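K.L.:
Dropping a structure here in structure tokens format, bear with me for questions.
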Number of protein chains: 2
Amino acid sequence: MSLIYPSSSSLPAPDADGEPQPVAIAYPAEPDGSANSVLGKVRLILEAFGPDDESLGLSEIVRRTGVAKASVHRLAQELLQWGLLERRGSEYWLGMRLFEIGQRVPRQRILRDAARPFMEDLYQATGETIHLAVLDGLEVIYLEKVSGHGQVSRPSRIAGRMPLHCTATGKALIAFGPGALFGDVVATSLARVTPRTITAPKLLAQEIQQARKVGYAIEREQTRVGYLSVAIPLTGATGTVVAALSVTAPTFRADVNKYVGLLSMVSRRITKSIMVADGGRS
Amino acid sequence: MSLIYPSSSSLPAPDADGEPQPVAIAYPAEPDGSANSVLGKVRLILEAFGPDDESLGLSEIVRRTGVAKASVHRLAQELLQWGLLERRGSEYWLGMRLFEIGQRVPRQRILRDAARPFMEDLYQATGETIHLAVLDGLEVIYLEKVSGHGQVSRPSRIAGRMPLHCTATGKALIAFGPGALFGDVVATSLARVTPRTITAPKLLAQEIQQARKVGYAIEREQTRVGYLSVAIPLTGATGTVVAALSVTAPTFRADVNKYVGLLSMVSRRITKSIMVADGGRS
DNA sequence: CGGGGCCGTCTCGCTCAGCGGAACGGGCCC
DNA sequence: GGGCCCGTTCCGCTGAGCGAGACGGCCCCG
């Protein structure tokens, strides 16, 4: 119960994209002691698929996971039958059922359903990218994104993660979310994403203070050069901040005051909508 | 390789919302023989969460799955650590990591990323609900939905399923998708969803023929009284139909010709966009 | 053409991870 | 205070899971 913000659990060492690793122990290829259960193996197998991988062959999965080939094969058959994996030729793909189950996760479904139409409104009013983000561990994770045809080279993704200190949504969550969060964030080193990213805890504290004063958070070219974002917190049924909503626009045409006005108007309506949709806590 | 449309695998007996079932066998509470593996149990546990359940207590999970309490507890601990489940108090929730992994499923990610901005355009041009659907088993599954504030009592859902014979997207997929599909569909009984739903195979065949002739499918009050939908197929990189896109509007203000025009324009652009994004098959 | 390498698949005896009945302690309501 | 249901924990048994290894097909290269 003292777990305030849901954690992302401890990934042992997802993959380094290359060979297993040069462990001195003569034991075959077990990264650590966390894969001795069926579920551990299944986790390794499913997480062998990176965000950009489309499909993997059996041997490739064996290479990435370090699990014995026969085991991967056996488990893959079972996952296939469940629908968590699909197969074309001899390539395995993450299966549709994963998508289906993933959409049932209440923390995203409730918020997203409530926010979605309003994000549409915001997009129509601004023509810019709208993000809905929640806290997960010490990162934001994007639940939803509404945008147009703009071709950014490395765009944000739904279910993608970003650090808290360089995003507007992240700063909004630090400023208005769980009290202990700021401390936890500055306890880690603040990665420099662009030349303008804040890496000094003092400066970050000032920005958070400013955000608390004005009621919204802003980020100028701290995530991507040429773009700024404005974010506002969303309050859930229990009165605590559960998410953040942001507008991201190219700096040359950004109208911060307009975004702030629109966001704060929409924020209250979404909160009301959440309370109706979800009597309990969300 | 002769598996043309990805199947939804065989759910043994998801849940009947009530007691396990009155099996004559004296054996404790094993529904069938499919739960004897760790993965089988995990499947039962995760699928114990229905589309509308927010959280379940441990005992409730035990009741729904028939798995021994100690086993559910142990597996839940492991799922917790992975992040597939989360916990508040003593209630278990489907976890954020499920959402994350689900968003990596390529069959939805690629299509959705390509179609999303165009769906936005369609929504702006019509003000009506836009659906993106693919075939899964003998149903459509919605990958994406763009809509406004309209408060329908039992709205469609992202990742929700619908029969093929009563939806515009379904008929579009029958008409332009895998050749054997029509036969498989009429081999089952066609459920009556509204008074206007087609339940006679002959009539359905006529509608499919009509759709093939004009290049789009239409459905008038066959899914929901007071609404109609128009759908068009989307072609993937290999030239086969992989999805369908639809506009749904209240009959009194629907402008079918306008929708057809917009859809067919957008369809070609999405296909082009898919080919760029995904060199291989999708 | 033949050999070598990599692929996915399958076998089979060992063993330890997983199992689940049972006991426990705490909160709630009658 | 007693009964009930909750989540948690214990512990000895056992069969599900394991993985080294064999196998056959495919492709590339000498």
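Naming scheme: A, B, ... for chains in displayed order of the structure tokens; residues 1 onward per chain; ligands 1 onward as shown.
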Could you write out as number ranges by chain the residues of chain C within 12 Å of chain A, counting only C-alpha atoms (C1' of nucleotides)?

P.N.:
C: 6-11, 16-18

K.L.:
Limited to N, CA and C atoms (P, O5', C5', C4', C3', O3' and C1' of nucleotides), could you put the picked residues into a file as a PDB file, in the first residue's frame?

P.N.:
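So part-v1.pdb came out as:
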```
ATOM      1  P    DC C   6      26.543 -22.406 -38.680  1.00  0.00           P
ATOM      2  O5'  DC C   6      24.979 -22.131 -38.692  1.00  0.00           O
ATOM      3  C5'  DC C   6      24.383 -21.429 -39.783  1.00  0.00           C
ATOM      4  C4'  DC C   6      22.975 -21.905 -39.944  1.00  0.00           C
ATOM      5  C3'  DC C   6      22.186 -21.969 -38.624  1.00  0.00           C
ATOM      6  O3'  DC C   6      21.115 -21.032 -38.665  1.00  0.00           O
ATOM      7  C1'  DC C   6      21.803 -23.882 -39.994  1.00  0.00           C
ATOM      8  P    DC C   7      20.207 -20.811 -37.385  1.00  0.00           P
ATOM      9  O5'  DC C   7      18.838 -21.504 -37.809  1.00  0.00           O
ATOM     10  C5'  DC C   7      18.209 -21.122 -39.017  1.00  0.00           C
ATOM     11  C4'  DC C   7      17.272 -22.199 -39.480  1.00  0.00           C
ATOM     12  C3'  DC C   7      16.329 -22.724 -38.411  1.00  0.00           C
ATOM     13  O3'  DC C   7      15.206 -21.861 -38.320  1.00  0.00           O
ATOM     14  C1'  DC C   7      17.200 -24.514 -39.726  1.00  0.00           C
ATOM     15  P    DG C   8      14.425 -21.798 -36.971  1.00  0.00           P
ATOM     16  O5'  DG C   8      13.488 -23.076 -37.106  1.00  0.00           O
ATOM     17  C5'  DG C   8      12.537 -23.144 -38.169  1.00  0.00           C
ATOM     18  C4'  DG C   8      11.949 -24.536 -38.197  1.00  0.00           C
ATOM     19  C3'  DG C   8      11.105 -24.907 -36.973  1.00  0.00           C
ATOM     20  O3'  DG C   8       9.963 -25.631 -37.380  1.00  0.00           O
ATOM     21  C1'  DG C   8      12.865 -26.452 -37.234  1.00  0.00           C
ATOM     22  P    DT C   9       8.934 -26.134 -36.282  1.00  0.00           P
ATOM     23  O5'  DT C   9       9.419 -27.623 -36.019  1.00  0.00           O
ATOM     24  C5'  DT C   9       9.340 -28.579 -37.080  1.00  0.00           C
ATOM     25  C4'  DT C   9       9.783 -29.934 -36.594  1.00  0.00           C
ATOM     26  C3'  DT C   9       9.005 -30.469 -35.380  1.00  0.00           C
ATOM     27  O3'  DT C   9       8.364 -31.674 -35.758  1.00  0.00           O
ATOM     28  C1'  DT C   9      11.334 -30.781 -35.112  1.00  0.00           C
ATOM     29  P    DC C  10       7.285 -32.299 -34.793  1.00  0.00           P
ATOM     30  O5'  DC C  10       8.133 -33.421 -34.047  1.00  0.00           O
ATOM     31  C5'  DC C  10       9.022 -34.241 -34.810  1.00  0.00           C
ATOM     32  C4'  DC C  10       9.802 -35.149 -33.881  1.00  0.00           C
ATOM     33  C3'  DC C  10       9.033 -35.593 -32.633  1.00  0.00           C
ATOM     34  O3'  DC C  10       9.143 -36.996 -32.522  1.00  0.00           O
ATOM     35  C1'  DC C  10      11.144 -34.717 -32.043  1.00  0.00           C
ATOM     36  P    DT C  11       8.338 -37.786 -31.390  1.00  0.00           P
ATOM     37  O5'  DT C  11       9.473 -38.642 -30.675  1.00  0.00           O
ATOM     38  C5'  DT C  11      10.687 -38.890 -31.383  1.00  0.00           C
ATOM     39  C4'  DT C  11      11.763 -39.343 -30.402  1.00  0.00           C
ATOM     40  C3'  DT C  11      11.251 -40.034 -29.142  1.00  0.00           C
ATOM     41  O3'  DT C  11      12.059 -41.177 -28.903  1.00  0.00           O
ATOM     42  C1'  DT C  11      12.680 -38.259 -28.550  1.00  0.00           C
ATOM     43  P    DC C  16      17.574 -31.771  -9.419  1.00  0.00           P
ATOM     44  O5'  DC C  16      16.955 -30.302  -9.454  1.00  0.00           O
ATOM     45  C5'  DC C  16      16.492 -29.761 -10.697  1.00  0.00           C
ATOM     46  C4'  DC C  16      15.043 -29.315 -10.571  1.00  0.00           C
ATOM     47  C3'  DC C  16      14.706 -28.559  -9.288  1.00  0.00           C
ATOM     48  O3'  DC C  16      13.736 -27.597  -9.625  1.00  0.00           O
ATOM     49  C1'  DC C  16      13.257 -30.335  -9.512  1.00  0.00           C
ATOM     50  P    DA C  17      14.004 -26.064  -9.253  1.00  0.00           P
ATOM     51  O5'  DA C  17      12.815 -25.346 -10.026  1.00  0.00           O
ATOM     52  C5'  DA C  17      12.610 -25.643 -11.398  1.00  0.00           C
ATOM     53  C4'  DA C  17      11.137 -25.799 -11.715  1.00  0.00           C
ATOM     54  C3'  DA C  17      10.250 -24.704 -11.155  1.00  0.00           C
ATOM     55  O3'  DA C  17       9.248 -24.443 -12.118  1.00  0.00           O
ATOM     56  C1'  DA C  17       9.619 -26.796 -10.195  1.00  0.00           C
ATOM     57  P    DG C  18       8.193 -23.288 -11.887  1.00  0.00           P
ATOM     58  O5'  DG C  18       6.920 -24.144 -11.499  1.00  0.00           O
ATOM     59  C5'  DG C  18       6.544 -25.213 -12.358  1.00  0.00           C
ATOM     60  C4'  DG C  18       5.520 -26.052 -11.669  1.00  0.00           C
ATOM     61  C3'  DG C  18       4.349 -25.266 -11.055  1.00  0.00           C
ATOM     62  O3'  DG C  18       3.152 -25.830 -11.563  1.00  0.00           O
ATOM     63  C1'  DG C  18       5.222 -26.812  -9.501  1.00  0.00           C
TER      64       DG C  18
END
```

K.L.:
Once you count only C-alpha atoms (C1' of nucleotides), which residues of chain D turn out to be within 10 Å of chain B? Could you give them as a PyMOL selection string?

P.N.:
chain D and resi 5-9+16-17

K.L.:
Emit the selected residues as a short mmCIF file (atom, residue, chain, number, x, y, z; two decimals), in the first residue's frame, including C-alpha atoms (C1' of nucleotides).

P.N.:
```cif
data_model
loop_
_atom_site.label_atom_id
_atom_site.label_comp_id
_atom_site.auth_asym_id
_atom_site.auth_seq_id
_atom_site.Cartn_x
_atom_site.Cartn_y
_atom_site.Cartn_z
"C1'" DC D 5 -14.27 -15.76 4.00
"C1'" DC D 6 -10.31 -13.53 3.05
"C1'" DG D 7 -5.11 -13.73 1.67
"C1'" DT D 8 -0.96 -16.14 2.99
"C1'" DT D 9 2.22 -19.92 4.06
"C1'" DA D 16 5.34 -31.53 -16.06
"C1'" DG D 17 9.00 -29.56 -17.74
#
```

K.L.:
Between B:Ser267, B:Thr188, B:Gln108, B:Ser71, which has the minimum distance to chain A (counting only C-alpha atoms)?

P.N.:
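Looking at the shortest contact to chain A, the residue is B:Gln108.
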
K.L.:
For chain A, report every residue with an atom at most 6 Å from chain B (counting only C-alpha atoms), formatted as a PyMOL selection string.

P.N.:
chain A and resi 9+51+54+81+83+89+94+98-100+102+104-106+117+148-149+159

K.L.:
Please identify the strand (DSSP E) residues within range 177-228 of chain A (assignment by DSSP from backbone atoms) and present them as a ChimeraX atom specification.

P.N.:
/A:217-220,227-228

K.L.:
Just fit chain B onto chain A on all the Cα atoms, in order, by least squares, and give it as a compact mmCIF listing (two decimals) with C-alpha atoms, in the first residue's frame.

P.N.:
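For reference, out_10.txt as written:
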```
# COMPACT_ATOMS: atom_id res chain seq x y z
CA MET B 1 -0.46 0.12 -0.14
CA SER B 2 2.53 2.37 0.26
CA LEU B 3 3.27 1.61 -3.34
CA ILE B 4 2.15 4.90 -4.73
CA TYR B 5 3.04 4.82 -8.36
CA PRO B 6 2.85 1.48 -10.08
CA SER B 7 6.27 0.22 -10.80
CA SER B 8 7.54 -1.18 -14.02
CA SER B 9 9.06 -4.10 -12.17
CA SER B 10 12.65 -5.07 -12.59
CA LEU B 11 13.64 -6.14 -16.03
CA PRO B 12 16.73 -8.26 -15.49
CA ALA B 13 18.47 -7.30 -18.72
CA PRO B 14 15.99 -7.02 -21.59
CA ASP B 15 18.48 -7.55 -24.35
CA ALA B 16 21.54 -5.80 -25.54
CA ASP B 17 20.71 -6.63 -29.13
CA GLY B 18 23.87 -8.64 -29.39
CA GLU B 19 25.22 -11.77 -27.83
CA PRO B 20 23.95 -12.94 -24.47
CA GLN B 21 26.84 -11.67 -22.40
CA PRO B 22 30.34 -12.68 -21.35
CA VAL B 23 29.65 -14.16 -17.94
CA ALA B 24 32.64 -15.80 -16.32
CA ILE B 25 30.63 -18.70 -14.95
CA ALA B 26 30.92 -21.85 -16.97
CA TYR B 27 27.21 -22.47 -16.77
CA PRO B 28 25.71 -22.58 -20.26
CA ALA B 29 23.79 -19.42 -21.09
CA GLU B 30 21.61 -18.44 -18.17
CA PRO B 31 21.82 -14.65 -17.82
CA ASP B 32 20.81 -14.69 -14.18
CA GLY B 33 18.73 -16.74 -11.84
CA SER B 34 15.39 -15.36 -12.96
CA ALA B 35 14.61 -17.76 -15.77
CA ASN B 36 14.20 -21.00 -13.94
CA SER B 37 10.44 -21.04 -14.15
CA VAL B 38 8.11 -21.55 -17.04
CA LEU B 39 6.87 -18.01 -16.68
CA GLY B 40 10.40 -16.68 -16.63
CA LYS B 41 11.07 -18.35 -19.94
CA VAL B 42 7.82 -17.13 -21.41
CA ARG B 43 8.72 -13.65 -20.34
CA LEU B 44 12.10 -13.89 -22.00
CA ILE B 45 10.47 -15.19 -25.16
CA LEU B 46 7.82 -12.49 -25.41
CA GLU B 47 10.24 -9.75 -24.49
CA ALA B 48 12.70 -10.99 -27.08
CA PHE B 49 10.49 -9.12 -29.51
CA GLY B 50 11.72 -5.55 -29.46
CA PRO B 51 9.49 -2.60 -30.29
CA ASP B 52 10.62 -2.67 -33.90
CA ASP B 53 10.86 -6.38 -34.52
CA GLU B 54 8.14 -7.75 -36.68
CA SER B 55 8.91 -11.42 -36.56
CA LEU B 56 11.60 -13.72 -35.24
CA GLY B 57 12.69 -17.20 -36.20
CA LEU B 58 12.96 -19.86 -33.55
CA SER B 59 16.74 -19.84 -33.53
CA GLU B 60 16.79 -16.08 -33.21
CA ILE B 61 14.59 -16.34 -30.14
CA VAL B 62 16.93 -18.98 -28.74
CA ARG B 63 19.85 -16.65 -29.30
CA ARG B 64 18.21 -13.68 -27.65
CA THR B 65 16.79 -15.49 -24.66
CA GLY B 66 19.41 -18.09 -23.91
CA VAL B 67 16.65 -20.64 -23.37
CA ALA B 68 17.23 -24.11 -24.72
CA LYS B 69 15.93 -24.61 -28.21
CA ALA B 70 13.65 -27.49 -27.30
CA SER B 71 12.10 -25.41 -24.54
CA VAL B 72 11.52 -22.42 -26.77
CA HIS B 73 9.94 -24.67 -29.33
CA ARG B 74 7.64 -26.31 -26.83
CA LEU B 75 6.57 -23.06 -25.22
CA ALA B 76 6.12 -21.41 -28.58
CA GLN B 77 3.69 -24.17 -29.55
CA GLU B 78 1.69 -23.47 -26.46
CA LEU B 79 1.77 -19.72 -26.96
CA LEU B 80 0.71 -20.29 -30.55
CA GLN B 81 -2.32 -22.21 -29.39
CA TRP B 82 -3.24 -19.48 -26.99
CA GLY B 83 -2.83 -16.82 -29.67
CA LEU B 84 -0.11 -14.83 -27.94
CA LEU B 85 2.11 -15.79 -30.84
CA GLU B 86 1.21 -16.26 -34.46
CA ARG B 87 3.15 -17.93 -37.14
CA ARG B 88 3.70 -17.40 -40.83
CA GLY B 89 6.06 -19.81 -42.50
CA SER B 90 8.58 -20.43 -39.78
CA GLU B 91 8.55 -16.96 -38.36
CA TYR B 92 6.87 -16.13 -35.09
CA TRP B 93 4.92 -12.89 -34.60
CA LEU B 94 3.39 -11.43 -31.50
CA GLY B 95 -0.24 -12.42 -31.74
CA MET B 96 -3.48 -10.53 -31.87
CA ARG B 97 -4.64 -11.92 -28.57
CA LEU B 98 -1.88 -9.96 -26.85
CA PHE B 99 -3.33 -6.80 -28.29
CA GLU B 100 -6.76 -7.86 -27.16
CA ILE B 101 -5.74 -8.57 -23.59
CA GLY B 102 -3.64 -5.43 -23.49
CA GLN B 103 -6.67 -3.35 -24.32
CA ARG B 104 -8.45 -4.67 -21.26
CA VAL B 105 -5.95 -3.16 -18.86
CA PRO B 106 -8.19 -0.86 -16.84
CA ARG B 107 -5.63 1.77 -16.03
CA GLN B 108 -5.40 2.64 -19.72
CA ARG B 109 -8.89 1.75 -20.87
CA ILE B 110 -10.81 3.94 -18.48
CA LEU B 111 -8.61 6.97 -18.92
CA ARG B 112 -8.38 6.59 -22.64
CA ASP B 113 -12.09 6.13 -23.14
CA ALA B 114 -12.76 9.24 -21.11
CA ALA B 115 -10.08 11.37 -22.73
CA ARG B 116 -10.32 10.25 -26.32
CA PRO B 117 -13.13 12.50 -27.61
CA PHE B 118 -11.58 15.49 -25.91
CA MET B 119 -8.22 14.75 -27.45
CA GLU B 120 -10.04 14.76 -30.77
CA ASP B 121 -11.40 18.21 -29.94
CA LEU B 122 -7.94 19.44 -29.02
CA TYR B 123 -6.53 18.14 -32.25
CA GLN B 124 -9.22 19.83 -34.27
CA ALA B 125 -8.66 23.09 -32.40
CA THR B 126 -4.86 23.09 -32.72
CA GLY B 127 -3.90 20.79 -35.56
CA GLU B 128 -1.01 19.64 -33.37
CA THR B 129 -0.09 16.37 -31.72
CA ILE B 130 -1.98 15.51 -28.52
CA HIS B 131 -0.59 13.05 -25.98
CA LEU B 132 -2.19 11.32 -23.02
CA ALA B 133 0.39 9.97 -20.58
CA VAL B 134 0.47 8.24 -17.21
CA LEU B 135 3.22 7.56 -14.73
CA ASP B 136 4.78 4.12 -14.72
CA GLY B 137 7.85 3.61 -12.63
CA LEU B 138 10.00 6.68 -13.18
CA GLU B 139 8.85 7.24 -16.74
CA VAL B 140 5.81 8.43 -18.57
CA ILE B 141 4.05 5.95 -20.79
CA TYR B 142 1.82 7.23 -23.57
CA LEU B 143 -1.67 5.81 -23.47
CA GLU B 144 -2.92 7.63 -26.51
CA LYS B 145 -1.79 9.97 -29.20
CA VAL B 146 -3.73 11.95 -31.76
CA SER B 147 -1.86 13.51 -34.62
CA GLY B 148 -1.94 14.22 -38.31
CA HIS B 149 0.29 13.32 -41.21
CA GLY B 150 3.38 15.12 -39.99
CA GLN B 151 6.39 12.99 -40.72
CA VAL B 152 8.73 13.20 -37.76
CA SER B 153 11.79 11.03 -38.11
CA ARG B 154 11.54 9.27 -34.75
CA PRO B 155 7.97 9.81 -33.60
CA SER B 156 6.56 9.09 -30.18
CA ARG B 157 4.53 5.92 -29.87
CA ILE B 158 1.47 4.74 -28.08
CA ALA B 159 2.77 2.64 -25.19
CA GLY B 160 6.17 4.23 -25.69
CA ARG B 161 8.13 5.44 -22.69
CA MET B 162 9.95 8.70 -22.04
CA PRO B 163 11.88 10.12 -19.08
CA LEU B 164 9.99 12.41 -16.74
CA HIS B 165 12.46 15.29 -16.61
CA CYS B 166 12.49 16.16 -20.31
CA THR B 167 8.82 15.90 -21.19
CA ALA B 168 5.99 18.29 -20.44
CA THR B 169 3.74 15.45 -19.35
CA GLY B 170 6.48 14.13 -17.08
CA LYS B 171 7.00 17.48 -15.43
CA ALA B 172 3.27 17.87 -14.95
CA LEU B 173 3.19 14.51 -13.21
CA ILE B 174 6.14 15.42 -11.00
CA ALA B 175 4.58 18.75 -10.11
CA PHE B 176 1.07 17.53 -9.38
CA GLY B 177 1.48 13.81 -8.78
CA PRO B 178 2.87 11.77 -5.86
CA GLY B 179 4.90 13.90 -3.46
CA ALA B 180 7.92 11.62 -3.29
CA LEU B 181 8.30 11.55 -7.04
CA PHE B 182 10.61 14.52 -7.44
CA GLY B 183 13.07 13.06 -4.99
CA ASP B 184 13.08 9.71 -6.75
CA VAL B 185 13.66 11.35 -10.11
CA VAL B 186 16.62 13.51 -9.10
CA ALA B 187 18.09 10.52 -7.28
CA THR B 188 18.79 9.12 -10.74
CA SER B 189 20.94 10.90 -13.25
CA LEU B 190 18.98 13.11 -15.62
CA ALA B 191 19.76 12.02 -19.15
CA ARG B 192 20.52 14.68 -21.74
CA VAL B 193 18.20 14.15 -24.68
CA THR B 194 18.77 17.42 -26.53
CA PRO B 195 21.19 20.27 -25.84
CA ARG B 196 18.39 22.02 -23.96
CA THR B 197 17.40 19.12 -21.75
CA ILE B 198 17.60 19.98 -18.06
CA THR B 199 20.13 17.82 -16.29
CA ALA B 200 20.64 19.85 -13.12
CA PRO B 201 18.28 18.95 -10.24
CA LYS B 202 18.21 22.57 -9.09
CA LEU B 203 16.92 23.78 -12.43
CA LEU B 204 14.37 21.01 -12.55
CA ALA B 205 13.14 21.98 -9.10
CA GLN B 206 12.64 25.53 -10.32
CA GLU B 207 10.65 24.37 -13.30
CA ILE B 208 8.48 22.18 -11.11
CA GLN B 209 7.85 25.10 -8.79
CA GLN B 210 6.92 27.24 -11.75
CA ALA B 211 4.57 24.56 -13.00
CA ARG B 212 2.88 24.33 -9.62
CA LYS B 213 2.41 28.09 -9.64
CA VAL B 214 0.85 28.42 -13.07
CA GLY B 215 -0.93 25.06 -13.12
CA TYR B 216 0.71 23.61 -16.23
CA ALA B 217 4.11 22.37 -17.36
CA ILE B 218 6.06 23.38 -20.43
CA GLU B 219 9.05 21.97 -22.26
CA ARG B 220 10.91 23.83 -24.99
CA GLU B 221 13.15 21.75 -27.23
CA GLN B 222 14.09 19.53 -24.29
CA THR B 223 12.78 16.40 -25.96
CA ARG B 224 13.21 17.26 -29.62
CA VAL B 225 14.85 20.23 -31.24
CA GLY B 226 12.30 22.43 -32.96
CA TYR B 227 9.34 21.36 -30.85
CA LEU B 228 7.77 22.42 -27.58
CA SER B 229 5.05 20.85 -25.46
CA VAL B 230 2.54 22.12 -22.94
CA ALA B 231 0.98 19.71 -20.45
CA ILE B 232 -1.70 19.78 -17.82
CA PRO B 233 -2.51 17.22 -15.11
CA LEU B 234 -5.69 15.16 -15.10
CA THR B 235 -7.44 14.40 -11.84
CA GLY B 236 -9.10 11.04 -11.23
CA ALA B 237 -12.16 10.14 -9.25
CA THR B 238 -10.29 10.15 -5.96
CA GLY B 239 -8.91 13.63 -6.46
CA THR B 240 -5.35 12.50 -7.11
CA VAL B 241 -3.55 13.25 -10.33
CA VAL B 242 -3.56 10.17 -12.52
CA ALA B 243 -2.41 11.36 -15.92
CA ALA B 244 -1.27 14.28 -18.02
CA LEU B 245 -2.44 15.68 -21.31
CA SER B 246 -0.22 17.61 -23.66
CA VAL B 247 -0.04 19.53 -26.91
CA THR B 248 3.19 19.32 -28.91
CA ALA B 249 3.92 21.78 -31.71
CA PRO B 250 6.83 23.07 -33.78
CA THR B 251 8.20 26.10 -31.96
CA PHE B 252 7.78 28.43 -34.92
CA ARG B 253 4.01 28.14 -34.95
CA ALA B 254 3.30 27.20 -31.33
CA ASP B 255 0.78 29.33 -29.44
CA VAL B 256 1.37 28.46 -25.80
CA ASN B 257 -1.37 30.62 -24.36
CA LYS B 258 -3.93 29.11 -26.64
CA TYR B 259 -2.85 25.59 -25.70
CA VAL B 260 -2.99 26.37 -22.00
CA GLY B 261 -6.49 27.70 -22.33
CA LEU B 262 -7.73 24.72 -24.30
CA LEU B 263 -6.03 22.20 -22.05
CA SER B 264 -7.36 23.61 -18.82
CA MET B 265 -10.87 23.75 -20.22
CA VAL B 266 -10.69 20.18 -21.40
CA SER B 267 -9.02 18.94 -18.22
CA ARG B 268 -12.01 19.73 -16.04
CA ARG B 269 -14.40 18.05 -18.44
CA ILE B 270 -12.35 14.89 -18.59
CA THR B 271 -12.21 14.70 -14.81
CA LYS B 272 -15.96 14.98 -14.70
CA SER B 273 -16.24 12.30 -17.35
CA ILE B 274 -13.95 9.96 -15.41
CA MET B 275 -16.01 10.35 -12.28
CA VAL B 276 -19.14 9.34 -14.17
CA ALA B 277 -17.51 6.40 -15.90
CA ASP B 278 -15.69 5.11 -12.89
CA GLY B 279 -17.22 5.37 -9.48
CA GLY B 280 -14.23 3.79 -7.79
CA ARG B 281 -10.64 4.88 -7.94
CA SER B 282 -8.85 4.72 -11.19
```

K.L.:
DSSP on the backbone, then: every residue of range 45-84 of chain B marked alpha helix (DSSP H), written as JSON, numbers by chain.

P.N.:
{"B": [45, 46, 47, 58, 59, 60, 61, 62, 63, 64, 65, 69, 70, 71, 72, 73, 74, 75, 76, 77, 78, 79, 80, 81, 82]}

K.L.:
With C-alpha atoms retained, export the selected residues as a PDB file, in the first residue's frame.

P.N.:
```pdb
ATOM      1  CA  ILE B  45      -6.012 -16.426 -14.752  1.00  0.00           C
ATOM      2  CA  LEU B  46      -5.531 -13.634 -17.267  1.00  0.00           C
ATOM      3  CA  GLU B  47      -8.695 -14.504 -19.126  1.00  0.00           C
ATOM      4  CA  LEU B  58      -7.687 -13.771  -5.337  1.00  0.00           C
ATOM      5  CA  SER B  59     -10.634 -15.891  -4.295  1.00  0.00           C
ATOM      6  CA  GLU B  60     -12.699 -14.580  -7.171  1.00  0.00           C
ATOM      7  CA  ILE B  61      -9.975 -15.656  -9.574  1.00  0.00           C
ATOM      8  CA  VAL B  62      -9.912 -19.069  -7.917  1.00  0.00           C
ATOM      9  CA  ARG B  63     -13.655 -19.331  -8.391  1.00  0.00           C
ATOM     10  CA  ARG B  64     -13.574 -18.351 -12.038  1.00  0.00           C
ATOM     11  CA  THR B  65     -10.618 -20.445 -13.060  1.00  0.00           C
ATOM     12  CA  LYS B  69      -5.823 -21.234  -4.518  1.00  0.00           C
ATOM     13  CA  ALA B  70      -2.181 -21.807  -3.687  1.00  0.00           C
ATOM     14  CA  SER B  71      -1.363 -22.045  -7.375  1.00  0.00           C
ATOM     15  CA  VAL B  72      -3.224 -18.882  -8.257  1.00  0.00           C
ATOM     16  CA  HIS B  73      -1.447 -17.102  -5.457  1.00  0.00           C
ATOM     17  CA  ARG B  74       1.966 -18.285  -6.535  1.00  0.00           C
ATOM     18  CA  LEU B  75       1.425 -17.483 -10.193  1.00  0.00           C
ATOM     19  CA  ALA B  76      -0.096 -14.138  -9.348  1.00  0.00           C
ATOM     20  CA  GLN B  77       3.069 -13.232  -7.452  1.00  0.00           C
ATOM     21  CA  GLU B  78       5.108 -14.030 -10.495  1.00  0.00           C
ATOM     22  CA  LEU B  79       2.792 -12.151 -12.829  1.00  0.00           C
ATOM     23  CA  LEU B  80       2.932  -9.230 -10.432  1.00  0.00           C
ATOM     24  CA  GLN B  81       6.689  -9.162 -10.653  1.00  0.00           C
ATOM     25  CA  TRP B  82       6.547  -9.223 -14.408  1.00  0.00           C
TER      26      TRP B  82
END
```

K.L.:
Do a neighbour search on DG12 in chain D at 12 Å with only C-alpha atoms (C1' of nucleotides), toss out local chain neighbours closer than 4 positions, and write the hits as a PDB file with C-alpha atoms (C1' of nucleotides), in the first residue's frame.

P.N.:
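Writing the result to result.pdb gives the following:
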```pdb
ATOM      1  C1'  DC C  19       1.498 -28.636  -7.094  1.00  0.00           C
ATOM      2  C1'  DG C  20      -2.390 -28.449  -3.842  1.00  0.00           C
ATOM      3  C1'  DG C  21      -4.332 -30.113   0.631  1.00  0.00           C
TER       4       DG C  21
END
```
